[in-house]
Structure formats: C-alpha cells, structure tokens
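K.L.:
Got a structure for you, protein.tsv, holding TSV, C-alpha atoms and all ligand atoms.
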```tsv
chain	number	residue	atom	x	y	z
A	166	MET	CA	26.02	-29.22	18.27
A	167	ASP	CA	23.04	-26.86	18.09
A	168	PRO	CA	22.11	-26.70	14.36
A	169	LEU	CA	21.26	-23.02	14.79
A	170	PHE	CA	24.91	-22.29	15.17
A	171	ASP	CA	27.01	-21.62	12.13
A	172	VAL	CA	30.71	-21.97	12.11
A	173	VAL	CA	32.33	-18.82	10.89
A	174	PHE	CA	35.75	-18.87	9.35
A	175	ILE	CA	37.90	-15.81	9.25
A	176	ALA	CA	40.72	-15.69	6.80
A	177	HIS	CA	43.94	-14.20	8.11
A	178	ALA	CA	46.53	-12.94	5.68
A	179	GLU	CA	49.33	-12.57	8.21
A	180	SER	CA	52.13	-11.62	5.85
A	181	ALA	CA	53.31	-12.17	2.33
A	182	THR	CA	55.64	-14.97	3.44
A	183	GLN	CA	53.05	-16.85	5.52
A	184	THR	CA	50.46	-18.98	3.79
A	185	ASN	CA	46.87	-17.86	4.38
A	186	HIS	CA	45.04	-20.08	6.80
A	187	GLN	CA	41.48	-20.19	8.00
A	188	GLU	CA	40.76	-20.09	11.67
A	189	ARG	CA	37.77	-21.62	13.29
A	190	CYS	CA	37.09	-18.89	15.78
A	191	VAL	CA	33.55	-17.62	16.43
A	192	LEU	CA	30.18	-19.23	16.75
A	193	LYS	CA	27.31	-17.02	15.65
A	194	LYS	CA	23.68	-17.95	16.13
A	195	SER	CA	21.54	-17.89	13.00
A	196	LEU	CA	18.43	-15.73	13.51
A	197	GLY	CA	16.99	-16.50	10.07
A	198	ALA	CA	16.18	-14.23	7.14
A	199	ARG	CA	14.81	-11.16	8.89
A	200	THR	CA	14.83	-7.37	8.62
A	201	MET	CA	17.38	-6.81	11.34
A	202	LEU	CA	19.64	-3.93	10.35
A	203	TYR	CA	20.58	-2.10	13.55
A	204	PRO	CA	19.92	0.77	13.87
A	205	THR	CA	17.55	2.16	11.29
A	206	PRO	CA	16.64	5.84	11.36
A	207	VAL	CA	13.05	6.75	12.13
A	208	SER	CA	11.47	9.08	9.61
A	209	VAL	CA	8.03	10.59	9.23
A	210	VAL	CA	6.79	10.69	5.65
A	211	GLY	CA	4.53	13.54	4.59
A	212	THR	CA	2.02	13.19	1.73
A	213	TYR	CA	-1.23	14.63	0.42
A	214	ASP	CA	-4.18	12.41	-0.42
A	215	LYS	CA	-6.19	12.87	-3.62
A	216	ASN	CA	-8.36	15.51	-1.92
A	217	GLY	CA	-5.37	17.48	-0.66
A	218	LYS	CA	-5.60	16.31	2.95
A	219	PRO	CA	-2.11	16.23	4.50
A	220	ASN	CA	-0.98	12.99	6.10
A	221	VAL	CA	2.05	11.68	7.95
A	222	ALA	CA	3.25	8.10	8.48
A	223	THR	CA	6.25	6.75	10.35
A	224	ALA	CA	8.77	4.73	8.35
A	225	ALA	CA	11.86	2.80	9.33
A	226	TRP	CA	12.51	1.29	5.90
A	227	VAL	CA	14.24	4.45	4.67
A	228	GLY	CA	17.71	5.17	3.37
A	229	ILE	CA	19.80	7.23	0.98
A	230	CYS	CA	20.31	5.22	-2.21
A	231	CYS	CA	22.15	7.52	-4.63
A	232	SER	CA	24.47	10.51	-4.26
A	233	LYS	CA	24.04	11.99	-7.75
A	234	PRO	CA	21.23	12.71	-8.29
A	235	PRO	CA	20.58	12.67	-4.54
A	236	CYS	CA	17.96	9.98	-3.98
A	237	ILE	CA	16.27	8.34	-1.04
A	238	THR	CA	14.30	5.13	-0.77
A	239	VAL	CA	11.26	4.50	1.41
A	240	SER	CA	9.11	1.36	1.47
A	241	PHE	CA	5.44	1.16	2.37
A	242	ARG	CA	2.89	-1.64	2.57
A	243	LYS	CA	0.12	-1.32	0.01
A	244	ALA	CA	-2.40	-1.23	2.86
A	245	THR	CA	-1.12	2.11	4.14
A	246	TYR	CA	-2.79	5.37	3.16
A	247	THR	CA	0.64	6.79	2.38
A	248	HIS	CA	1.23	4.18	-0.33
A	249	GLY	CA	-1.73	5.42	-2.38
A	250	ASN	CA	-0.85	9.03	-1.68
A	251	ILE	CA	2.68	8.66	-3.05
A	252	VAL	CA	1.41	6.88	-6.18
A	253	GLU	CA	-1.25	9.60	-6.66
A	254	ARG	CA	0.86	12.69	-5.97
A	255	LYS	CA	4.28	11.39	-7.07
A	256	ALA	CA	5.93	13.21	-4.20
A	257	PHE	CA	6.69	12.90	-0.49
A	258	THR	CA	8.72	14.53	2.23
A	259	ILE	CA	11.02	12.78	4.68
A	260	ASN	CA	10.88	14.51	8.05
A	261	VAL	CA	13.39	13.71	10.78
A	262	PRO	CA	11.63	13.73	14.15
A	263	PRO	CA	13.70	14.76	17.16
A	264	GLU	CA	13.73	12.67	20.32
A	265	LYS	CA	11.24	14.91	22.14
A	266	TYR	CA	8.59	13.90	19.58
A	267	VAL	CA	9.01	10.15	20.09
A	268	LYS	CA	5.45	9.68	21.38
A	269	GLU	CA	3.93	11.58	18.45
A	270	THR	CA	6.19	9.65	16.05
A	271	ASP	CA	4.99	6.34	17.45
A	272	TYR	CA	1.36	7.46	17.21
A	273	ILE	CA	1.90	8.46	13.58
A	274	GLY	CA	3.12	4.89	12.98
A	275	ILE	CA	0.07	3.30	14.60
A	276	ALA	CA	-2.92	5.33	13.35
A	277	SER	CA	-3.89	5.57	9.68
A	278	GLY	CA	-4.65	8.81	7.90
A	279	ARG	CA	-7.54	7.00	6.29
A	280	GLY	CA	-9.57	7.47	9.45
A	281	VAL	CA	-8.01	10.41	11.29
A	282	ASP	CA	-6.20	13.67	10.79
A	283	LYS	CA	-2.86	12.69	12.36
A	284	PHE	CA	-1.40	16.18	12.03
A	285	SER	CA	-4.22	17.51	14.15
A	286	THR	CA	-4.21	14.73	16.78
A	287	ALA	CA	-0.41	14.92	17.17
A	288	LYS	CA	-0.60	18.73	17.33
A	289	LEU	CA	1.77	19.10	14.39
A	290	THR	CA	1.60	21.68	11.61
A	291	PRO	CA	1.55	20.77	7.91
A	292	VAL	CA	3.45	23.17	5.66
A	293	LYS	CA	2.97	23.02	1.90
A	294	SER	CA	6.27	22.43	0.13
A	295	ASP	CA	6.91	24.98	-2.59
A	296	LEU	CA	8.89	22.41	-4.61
A	297	VAL	CA	7.01	19.10	-4.39
A	298	ASP	CA	3.37	18.09	-4.05
A	299	ALA	CA	3.64	17.08	-0.40
A	300	PRO	CA	3.48	18.68	3.04
A	301	TYR	CA	6.28	18.75	5.58
A	302	VAL	CA	6.18	18.92	9.38
A	303	LYS	CA	6.94	22.41	10.68
A	304	GLU	CA	8.01	21.18	14.13
A	305	PHE	CA	10.63	18.70	12.83
A	306	PRO	CA	14.02	20.34	12.23
A	307	LEU	CA	15.18	18.51	9.09
A	308	VAL	CA	13.10	17.89	5.97
A	309	LEU	CA	13.91	16.28	2.61
A	310	GLU	CA	11.56	17.23	-0.23
A	311	CYS	CA	11.32	14.40	-2.75
A	312	LYS	CA	9.92	13.82	-6.22
A	313	LEU	CA	8.98	10.22	-6.99
A	314	ARG	CA	11.32	8.70	-9.60
A	315	HIS	CA	10.89	4.91	-9.34
A	316	ILE	CA	8.51	2.34	-7.91
A	317	LEU	CA	9.64	-1.21	-7.25
A	318	GLU	CA	7.29	-3.95	-6.10
A	319	LEU	CA	9.24	-6.08	-3.66
A	320	GLY	CA	6.58	-8.14	-1.90
A	321	LEU	CA	4.76	-6.94	1.17
A	322	HIS	CA	6.39	-3.55	0.68
A	323	THR	CA	6.61	-1.30	-2.34
A	324	GLN	CA	9.85	0.62	-2.61
A	325	PHE	CA	9.56	4.26	-3.62
A	326	ILE	CA	12.68	6.04	-4.77
A	327	GLY	CA	12.50	9.79	-4.64
A	328	GLU	CA	14.92	12.40	-5.87
A	329	ILE	CA	15.75	14.86	-3.12
A	330	VAL	CA	15.10	18.25	-4.69
A	331	ASP	CA	15.86	20.25	-1.54
A	332	VAL	CA	16.71	19.86	2.13
A	333	LYS	CA	15.19	22.30	4.61
A	334	ALA	CA	16.71	22.70	8.06
A	335	ASP	CA	16.02	24.84	11.12
A	336	GLU	CA	18.86	27.25	11.83
A	337	ALA	CA	19.04	25.84	15.35
A	338	ILE	CA	20.36	22.45	14.20
A	339	LEU	CA	23.13	23.83	11.99
A	340	GLU	CA	26.82	23.83	12.85
A	341	ASN	CA	29.01	25.56	10.26
A	342	GLY	CA	26.09	25.49	7.84
A	343	LEU	CA	25.42	21.74	8.08
A	344	PRO	CA	23.05	19.67	10.25
A	345	ASP	CA	24.60	18.57	13.52
A	346	MET	CA	23.70	15.08	14.76
A	347	LYS	CA	23.48	16.07	18.42
A	348	LYS	CA	21.39	19.14	17.68
A	349	ILE	CA	18.92	17.17	15.55
A	350	ASN	CA	18.73	14.47	18.21
A	351	PRO	CA	17.12	11.93	15.84
A	352	ILE	CA	15.37	8.75	16.93
A	353	LEU	CA	16.96	5.38	16.16
A	354	TYR	CA	14.91	2.23	15.78
A	355	ALA	CA	15.70	-1.40	16.58
A	356	PRO	CA	13.60	-3.55	14.22
A	357	GLU	CA	11.94	-6.74	15.45
A	358	VAL	CA	12.36	-5.81	19.11
A	359	ARG	CA	10.48	-2.63	18.18
A	360	SER	CA	12.35	-0.19	20.40
A	361	TYR	CA	13.50	3.41	20.13
A	362	TYR	CA	16.93	4.72	21.09
A	363	SER	CA	18.76	8.02	21.01
A	364	VAL	CA	22.12	8.79	19.41
A	365	GLY	CA	25.26	8.01	21.41
A	366	SER	CA	28.59	9.79	21.50
A	367	TYR	CA	30.80	11.24	18.77
A	368	LEU	CA	33.41	8.74	17.57
A	369	GLY	CA	35.53	10.69	15.11
A	370	LYS	CA	35.86	11.96	11.56
A	371	ALA	CA	34.73	9.68	8.69
A	372	HIS	CA	37.10	9.13	5.74
A	373	SER	CA	39.88	10.09	8.12
A	374	LEU	CA	40.14	7.78	11.16
A	375	GLY	CA	40.91	4.86	8.86
A	376	LYS	CA	44.06	6.56	7.63
A	377	GLU	CA	45.65	5.83	11.01
A	378	MET	CA	45.65	2.09	10.18
B	401	LIG	C1	8.75	2.79	14.21
B	401	LIG	C2	7.82	2.46	13.07
B	401	LIG	C3	8.34	2.26	11.82
B	401	LIG	C4	7.50	1.94	10.75
B	401	LIG	N1	8.05	1.75	9.51
B	401	LIG	C5	7.24	1.46	8.46
B	401	LIG	C6	7.78	1.30	7.16
B	401	LIG	O1	8.97	1.48	6.92
B	401	LIG	N2	6.93	0.95	6.17
B	401	LIG	C7	5.57	0.76	6.38
B	401	LIG	O2	4.86	0.41	5.44
B	401	LIG	N3	5.04	0.96	7.60
B	401	LIG	C8	5.82	1.30	8.64
B	401	LIG	N4	5.29	1.52	9.87
B	401	LIG	C9	3.82	1.41	10.04
B	401	LIG	C10	3.07	2.60	9.44
B	401	LIG	O3	3.60	3.83	9.91
B	401	LIG	C11	1.60	2.45	9.83
B	401	LIG	O4	1.04	1.37	9.10
B	401	LIG	C12	0.78	3.71	9.64
B	401	LIG	O5	-0.47	3.52	10.24
B	401	LIG	C13	0.58	4.07	8.18
B	401	LIG	O6	-0.14	5.28	8.15
B	401	LIG	P1	-1.04	5.71	6.92
B	401	LIG	O7	-2.10	4.62	6.73
B	401	LIG	O8	-1.62	7.01	7.34
B	401	LIG	O9	-0.16	5.80	5.73
B	401	LIG	C14	6.10	1.85	10.94
B	401	LIG	C15	5.57	2.09	12.23
B	401	LIG	C16	6.42	2.39	13.28
B	401	LIG	C17	5.84	2.67	14.63
```
As structure tokens, please, write out the structure in this file.
Ligand SMILES: Cc1cc2nc3c(=O)[nH]c(=O)nc-3n(C[C@H](O)[C@H](O)[C@H](O)COP(=O)(O)O)c2cc1C
P.N.:
Amino acid sequence: MDPLFDVVFIAHAESATQTNHQERCVLKKSLGARTMLYPTPVSVVGTYDKNGKPNVATAAWVGICCSKPPCITVSFRKATYTHGNIVERKAFTINVPPEKYVKETDYIGIASGRGVDKFSTAKLTPVKSDLVDAPYVKEFPLVLECKLRHILELGLHTQFIGEIVDVKADEAILENGLPDMKKINPILYAPEVRSYYSVGSYLGKAHSLGKEM
C-alpha cells in the first residue's frame, strides 16, 4: 500500500441499542503539514510607515479571532515593509478588495512599499482613518479599522491581533444595513496552488439550516 495513504476510520453511532463500530471506509492522501485551508479570504492591509507614507500589502493569513472585543488576526513575514509599519504605528486597516481589483490586489502582494508607492502605481486612493493610525483604500467597499493589541512570534510569520474599532462600508454593498456577500464580490484564495476565485452561490441561512436535521 502507498505509505502516503492514511486509513481513516469513521465511528458510527447507529442507535442506542447497537454497539458502536468503526468502519474502514475512506482513503485520504496525506499532503503533509502545510498551510492549506481552502478558501482563505484575500485582504489588503493598509499601514503608514514611520515617515507617514501610506502602504498596502496583500494578505491571505487573515481571520476573525474574537467576537468580544471584535478582533482580527493578520500574519506578516518580518521581511515585509508592512511588518515594521504595524510595529511602529500599532494600527492597520483590513480592506476587502472586490473581484474587479484582482490584478491590483495581486500587484500589491508582489511589490514592496519599501521601493515603490503602491497606492500610486495601482491607482488607488489612501484615506486617513479618523480612528486609527493607518490609511484605508477608498476604492474598496469594506474596511476594518484596527488597533494593534497583541504580537505573537510564530516562526516565519509574526501574528498581529488587532481590535476592530470600526467597520466602514460603501452604501452600495449594504442589504438591510449589513454587507452583502454578492455585492462585495470578494476574492477567495487557494493557498499553495496560488489561485484566485470568486464567491459561488447562496446556500442558506446559518444557525438555521442545521435545525432541519
Ligand atoms: C494572494 C497573496 C497573499 C499574500 N498573503 C500574505 C500574508 O498573509 N502574509 C505575508 O507576510 N505576505 C503575504 N503575501 C506577500 C506580501 O503581500 C508581499 O510580500 C508584499 O510585497 C509585502 O508588501 P510590503 O513589503 O509593502 O509590506 C501575499 C501575497 C499574495 C499575492
């Protein structure tokens, strides 16, 4: 047998009267310890450098990590300009780029603000946040303004946890006062294969569909 294959056992609890048994049912191929959560959202992180120059960098290692206080985590390599900017300014914005900006978003994830003004090259407009010491992207419809709360050294990446002090949204993406997934049209990322995708169809109401079980 190929050693890459693991045998997976699934426990079935058929009924109270039947004894539980384990069924040898699926073979899954081991891909190793890798960063393969599918999908991850694509965000653009806005920061100021020590001289006040606005910068943006693309990040896929992003996610909400606490509901109260509302917090978000983003991880950057020490080599990025953004890493130093966040440490310096203790603030950042998370900007959600819509699908039509996929080329600009990719560029922002290739070039470094150390050498170029990415806002200018990508023809995007920096707006100074009135709440945190970071700029946001005017053209992107959803923005989270964050104050740095924690720094965790993990290895290649440093994890920054920011408290979300406000969310700014364009009126055009709102449905009954809340952001609408289809109207935002965010970009999804497939790590390792390094590909972008768009959002698929609506599946149903969360915290509700499960009640039909
Ligand atoms: C889709 C995509 C996702 C990325 N995600 C991250 C990430 O989560 N963390 C990171 O350190 N770099 C990530 N990068 C690479 C940075 O965006 C890249 O190193 C960029 O040049 C950093 O810019 P800066 O030096 O101006 O900060 C990503 C790039 C792309 C294209």
K.L.:
Per residue of chain A within 6 Å of ligand LIG 401 (chain B), record the nearest atom pair and its distance in Å to one decimal, counting all atoms listed in the file, with rows in chain order and ascending residue number, as JSON lines.
P.N.:
```
{"residue": "A:Val221", "atom": "CA", "partner": "B:LIG401", "partner_atom": "O8", "distance": 6.0}
{"residue": "A:Ala222", "atom": "CA", "partner": "B:LIG401", "partner_atom": "O6", "distance": 4.4}
{"residue": "A:Thr223", "atom": "CA", "partner": "B:LIG401", "partner_atom": "O3", "distance": 4.0}
{"residue": "A:Ala224", "atom": "CA", "partner": "B:LIG401", "partner_atom": "N1", "distance": 3.3}
{"residue": "A:Ala225", "atom": "CA", "partner": "B:LIG401", "partner_atom": "N1", "distance": 4.0}
{"residue": "A:Trp226", "atom": "CA", "partner": "B:LIG401", "partner_atom": "O1", "distance": 3.7}
{"residue": "A:Ser240", "atom": "CA", "partner": "B:LIG401", "partner_atom": "N2", "distance": 5.2}
{"residue": "A:Phe241", "atom": "CA", "partner": "B:LIG401", "partner_atom": "O2", "distance": 3.2}
{"residue": "A:Arg242", "atom": "CA", "partner": "B:LIG401", "partner_atom": "O2", "distance": 4.0}
{"residue": "A:Thr245", "atom": "CA", "partner": "B:LIG401", "partner_atom": "O7", "distance": 3.7}
{"residue": "A:Tyr246", "atom": "CA", "partner": "B:LIG401", "partner_atom": "O9", "distance": 3.7}
{"residue": "A:Thr247", "atom": "CA", "partner": "B:LIG401", "partner_atom": "O9", "distance": 3.6}
{"residue": "A:Asp271", "atom": "CA", "partner": "B:LIG401", "partner_atom": "C17", "distance": 4.7}
{"residue": "A:Gly274", "atom": "CA", "partner": "B:LIG401", "partner_atom": "O3", "distance": 3.3}
{"residue": "A:Ile275", "atom": "CA", "partner": "B:LIG401", "partner_atom": "O5", "distance": 4.4}
{"residue": "A:Ala276", "atom": "CA", "partner": "B:LIG401", "partner_atom": "O5", "distance": 4.4}
{"residue": "A:Ser277", "atom": "CA", "partner": "B:LIG401", "partner_atom": "O8", "distance": 3.6}
{"residue": "A:Gly278", "atom": "CA", "partner": "B:LIG401", "partner_atom": "O8", "distance": 3.6}
{"residue": "A:Arg279", "atom": "CA", "partner": "B:LIG401", "partner_atom": "O7", "distance": 6.0}
```
K.L.:
Print the selection's residues with C-alpha atoms to a file, as a tab-separated table (two decimals), in the coordinates of the input.
P.N.:
```tsv
chain	number	residue	atom	x	y	z
A	221	VAL	CA	2.05	11.68	7.95
A	222	ALA	CA	3.25	8.10	8.48
A	223	THR	CA	6.25	6.75	10.35
A	224	ALA	CA	8.77	4.73	8.35
A	225	ALA	CA	11.86	2.80	9.33
A	226	TRP	CA	12.51	1.29	5.90
A	240	SER	CA	9.11	1.36	1.47
A	241	PHE	CA	5.44	1.16	2.37
A	242	ARG	CA	2.89	-1.64	2.57
A	245	THR	CA	-1.12	2.11	4.14
A	246	TYR	CA	-2.79	5.37	3.16
A	247	THR	CA	0.64	6.79	2.38
A	271	ASP	CA	4.99	6.34	17.45
A	274	GLY	CA	3.12	4.89	12.98
A	275	ILE	CA	0.07	3.30	14.60
A	276	ALA	CA	-2.92	5.33	13.35
A	277	SER	CA	-3.89	5.57	9.68
A	278	GLY	CA	-4.65	8.81	7.90
A	279	ARG	CA	-7.54	7.00	6.29
```
K.L.:
What does the distance from atom CA of Val297 of chain A to atom CA of Pro206 of chain A come to in Å, to one decimal?
P.N.:
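We find that atom CA of Val297 of chain A and atom CA of Pro206 of chain A lie 22.7 Å from each other.
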K.L.:
Pick from A:Pro234, A:Gly197, A:Gly211, A:Gly280: nearest to Val330 of chain A, with all atoms listed in the file counted?
P.N.:
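Among the listed residues, A:Pro234 lies closest to Val330 of chain A.
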K.L.:
Name the residues in contact with Pro262 of chain A at a cut-off of 10 Å, using all atoms listed in the file, excluding same-chain residues fewer than 4 positions from it; report them as a list of chain:residue names.
P.N.:
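So the residues in contact are A:Pro206, A:Val207, A:Ser208, A:Val209, A:Thr223, A:Tyr266, A:Val267, A:Glu269, A:Thr270, A:Val302, A:Glu304, A:Phe305, A:Pro306, A:Leu307, A:Val308, A:Ile349, A:Asn350, A:Pro351, A:Ile352.
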K.L.:
Using only C-alpha atoms, find the one residue out of A:Leu374, A:Pro219, A:Tyr203, A:Tyr361 that sits nearest to Val281 of chain A.
P.N.:
A:Pro219
K.L.:
Please provide the set of residues having any atom within 10 Å of Ala337 of chain A, restricted to all atoms listed in the file, with same-chain residues fewer than 3 positions apart removed, written as a short mmCIF file (atom, residue, chain, number, x, y, z; two decimals) with C-alpha atoms, keeping the file's coordinate frame.
P.N.:
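Saved the output as around.cif:
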```cif
data_model
loop_
_atom_site.label_atom_id
_atom_site.label_comp_id
_atom_site.auth_asym_id
_atom_site.auth_seq_id
_atom_site.Cartn_x
_atom_site.Cartn_y
_atom_site.Cartn_z
CA PRO A 306 14.02 20.34 12.23
CA ALA A 334 16.71 22.70 8.06
CA GLU A 340 26.82 23.83 12.85
CA PRO A 344 23.05 19.67 10.25
CA ASP A 345 24.60 18.57 13.52
CA LYS A 348 21.39 19.14 17.68
CA ILE A 349 18.92 17.17 15.55
#
```
K.L.:
Expressed in Å to a single decimal, how great is the separation between atom CA of Asp335 of chain A and atom CA of Leu353 of chain A?
P.N.:
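Taking atom CA of Asp335 of chain A as the start and atom CA of Leu353 of chain A as the end point, the length is 20.1 Å.
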K.L.:
Here is a test: counting all atoms listed in the file, which residue of A:Asp282, A:Pro204, A:Leu289, A:Leu309 is nearest to Gly365 of chain A?
P.N.:
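Answer, going by the shortest atom-to-atom distance: A:Pro204.
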K.L.:
Just how far from atom CA of Pro263 of chain A is atom CA of Leu368 of chain A, in Å to one decimal?
P.N.:
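Atom CA of Pro263 of chain A lies 20.6 Å from atom CA of Leu368 of chain A.
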K.L.:
Identify which of the residues A:Val239, A:Leu296, A:Met346, A:Leu192 lies closest to Lys333 of chain A, counting only C-alpha atoms when measuring atom-to-atom distances.
P.N.:
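Of the candidates, the smallest distance to Lys333 of chain A is held by A:Leu296.
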K.L.:
Hey, which of A:Leu317, A:Val292, A:Leu196, A:Val191 ends up closest to Glu357 of chain A? Count all atoms listed in the file.
P.N.:
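The shortest atom-to-atom distance to Glu357 of chain A comes from A:Leu196.
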K.L.:
For Cys236 of chain A, which of A:Lys193, A:Lys218, A:His315, A:Arg254 is the closest residue, counting all atoms listed in the file?
P.N.:
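Of A:Lys193, A:Lys218, A:His315, A:Arg254, the one nearest Cys236 of chain A, counting all atoms listed in the file, is A:His315.
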K.L.:
Please identify all polymer residues within 8 Å of Tyr213 of chain A, counting all atoms listed in the file, omitting same-chain residues fewer than 6 positions from it, and present them as a list in words.
P.N.:
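Contacts, in chain order: Pro219, Asn220, Asn250, Ile251, Arg254, Asp298, Ala299 and Pro300 of chain A.
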